[in-house]
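Single-structure report; data block below.
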Amino acid sequence: MNLRDLRYVVAVADEGHFGRAANRCHVSQPALSSQIRKLEDELGVTLFERTNRSVRITPVGAQIAAQARRLITLSDEIVATAQAAKDPLSGQLKLAMIPTIGPYLSPLILPALRRQLPNLNVTLIEGFTHDLERRLLEGELDIAILATVPAGATLNERELYIEPFQVALPPGHPLTRLPKIAAADLTTGEMLLLSEGHCLRDQLLDLCHAKTADDTPNTRETSLETILALVAAGDGITMVPALALRSDDANLGIACRDITEGAGRLVRLVYRSTFPRAELVDRLAEIIRNQVPAKKVETVG
């Protein structure tokens with residue numbers, strides 16, 4: 001048994017398919033299947049139930065896959081510790097962001113990362129908060145940029161900036177007459193919101209104090225950009241993080257107003273407490289704070 005075989009087990013457990021697992025591990029499917037068969041023979045247990053149509057992990061297979069994840073994470077951290085001793089600001093970095101941050105923050109920070117950390121190879125990943133936290137804990141990711149308090153007890157955070165929310169209104173909407181808008185003036189039933197799983201949705205609903213099913217928002221399983229286009233078309237209103245508002249939004253006919261309560265979200269850099277490249281965490285936080293526009297956000301830390 002070796003780490004390669006354990007990586008194969010984890011890949012099949014994640015993908016539920018030998019072909020996709022083989023692609024993920026950059027090997028042929030027969031080679032991956034053969035190694036897993038050999039591991040099953042060595043251990044004397046069946047890890048996966050196989051049919052012509054599906055692959056299902058067995059109960060003991062699920063236990064072994066969970067143990068394998070911990071071993072793989074520890075192995076990766078050993079490599080990262082050695083890398084950090086040589087040069088913590090070089091090598092690979094798997095950096096994740098949620099969908100309501102990634103498209104707007106990435107263009108601001110990537111040029112600075114290339115200039116200031118030229119030996120760092122950054123892979124960007126996007127996903128929902130709960131999934132990114134899980135992948136952080138399992139060692140699949142190095143650092144994530146999130147907008148909620150990390151749930152994992154072994155996750156640390158660095159506060160980056162406070163990003164205000166603004167109300168986005170279609171042309172001619174009655175609220176456009178106000179210089180600022182109170183959350184109490186917003187009708188939840190008129191709100192266009194992202195689908196469940198987006199932390200921004202929960203934050204905006206909390207701000208509007210939406211508690212009853214009689215006043216449900218209009219959910220769109222789409223992107224924030226599409227929701228802004230719908231607002232411009234008169235389909236409803238929404239609240240938007242400041243960095244998501246571009247200079248050309250006026251050309252779409254969108255009117256933006258501040259919220260009187262000063263509502264916003266605290267954006268954080270989240271990483272495992274065992275992550276060995278502390279200097280890289282510090283530099284990344286510094287670069288992000290320096291690159292976000294001061295007129296749109298308030299930096300902290």
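Here, A, B, ... name the chains of the structure tokens in the order displayed, residue numbers run from 1 inside each chain, and ligands are numbered from 1 in the same displayed order.
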
Distance query Leu3 in chain A at most 12 Å, only C-alpha atoms, self and fewer than 6 positions along chain excluded, as a count of residues only:
15

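Within the 10 Å cut-off around Gly234 in chain A, using only C-alpha atoms and omitting residues fewer than 2 positions from it on the same chain, the listed residues are Leu169, Pro170, Pro171, Gly172, His173, Leu228, Ala229, Leu230, Val231, Ala232, Gly236, Ile237, Gly253 and Ile254 of chain A.
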
Can you pull out every residue within 12 Å of Ser33 in chain A, counting only C-alpha atoms, but drop anything in the same chain fewer than 2 positions away, and send it as a PyMOL selection string?
chain A and resi 5+8-9+11-12+17-22+25+27-31+35-40+47-48+50+55

Given only C-alpha atoms as the basis, pick out the residue of A:Glu77, A:Glu190, A:Glu163, A:Asp202 nearest to Thr129 in chain A.
A:Asp202

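The shortest atom-to-atom distance to Leu113 in chain A, with only C-alpha atoms taken into account, belongs to A:Asn290 out of A:Asn290, A:Arg265, A:Lys296, A:Arg246.
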
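Closest approach to Leu204 in chain A from the set A:Leu186, A:Leu132, A:Ala278, A:Leu175 is made by A:Leu186, with distances taken over only C-alpha atoms.
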
What residues in range 168-301 of chain A get the DSSP label strand (DSSP E)? Please answer as a PyMOL selection string.
chain A and resi 168-169+180-181+192-194+218-220+238-241+255-259+264-272+298-299

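CA of Leu136 in chain A lies 27.8 Å from CA of Arg220 in chain A.
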
Could you go through range 160-284 of chain A and tell me which residues DSSP, when run on the backbone, assigns to helix (DSSP H, G or I), listing them as a ChimeraX atom specification?
/A:174-177,183-185,188-190,199-208,213-215,224-232,242-244,249-252,278-284

Atoms to include: C-alpha atoms. Write the selected residues as a compact mmCIF listing (two decimals), in the first residue's frame.
```txt
# COMPACT_ATOMS: atom_id res chain seq x y z
CA PRO A 174 -39.70 54.80 -6.69
CA LEU A 175 -36.72 54.21 -4.40
CA THR A 176 -34.38 55.93 -6.87
CA ARG A 177 -35.70 59.23 -5.48
CA ALA A 183 -33.41 47.98 4.75
CA ALA A 184 -36.97 48.32 6.06
CA ASP A 185 -37.94 50.04 2.79
CA THR A 188 -38.48 41.01 0.05
CA GLY A 189 -40.91 39.79 -2.60
CA GLU A 190 -39.32 42.22 -5.07
CA CYS A 199 -23.80 32.88 1.66
CA LEU A 200 -24.65 36.28 0.09
CA ARG A 201 -28.28 35.17 -0.17
CA ASP A 202 -28.43 34.40 3.57
CA GLN A 203 -26.73 37.67 4.47
CA LEU A 204 -29.17 39.73 2.42
CA LEU A 205 -32.20 37.89 3.78
CA ASP A 206 -30.96 38.48 7.32
CA LEU A 207 -30.56 42.16 6.53
CA CYS A 208 -34.12 42.34 5.22
CA ALA A 213 -43.06 32.45 3.55
CA ASP A 214 -45.63 35.03 2.42
CA ASP A 215 -42.94 37.43 1.25
CA LEU A 224 -24.71 37.92 -9.88
CA GLU A 225 -23.98 39.41 -13.32
CA THR A 226 -27.19 37.94 -14.70
CA ILE A 227 -29.19 39.21 -11.74
CA LEU A 228 -27.86 42.73 -12.39
CA ALA A 229 -28.94 42.42 -16.01
CA LEU A 230 -32.42 41.38 -14.83
CA VAL A 231 -32.54 44.42 -12.54
CA ALA A 232 -31.67 46.63 -15.51
CA ALA A 242 -19.50 46.96 -3.75
CA LEU A 243 -16.79 45.24 -5.81
CA ALA A 244 -19.45 43.69 -8.06
CA ASP A 249 -23.35 49.80 -14.61
CA ALA A 250 -24.95 53.17 -15.29
CA ASN A 251 -24.97 52.19 -18.97
CA LEU A 252 -27.21 49.27 -18.06
CA ALA A 278 2.70 31.43 7.33
CA GLU A 279 4.82 33.96 5.46
CA LEU A 280 2.80 33.33 2.30
CA VAL A 281 -0.44 33.88 4.23
CA ASP A 282 0.89 37.24 5.45
CA ARG A 283 2.03 38.35 1.99
CA LEU A 284 -1.19 37.29 0.30
```

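The nearest approach to Glu138 in chain A among the residues A:Ala82, A:Leu43, A:Leu155, A:Val240, with only C-alpha atoms taken into account, belongs to A:Leu155.
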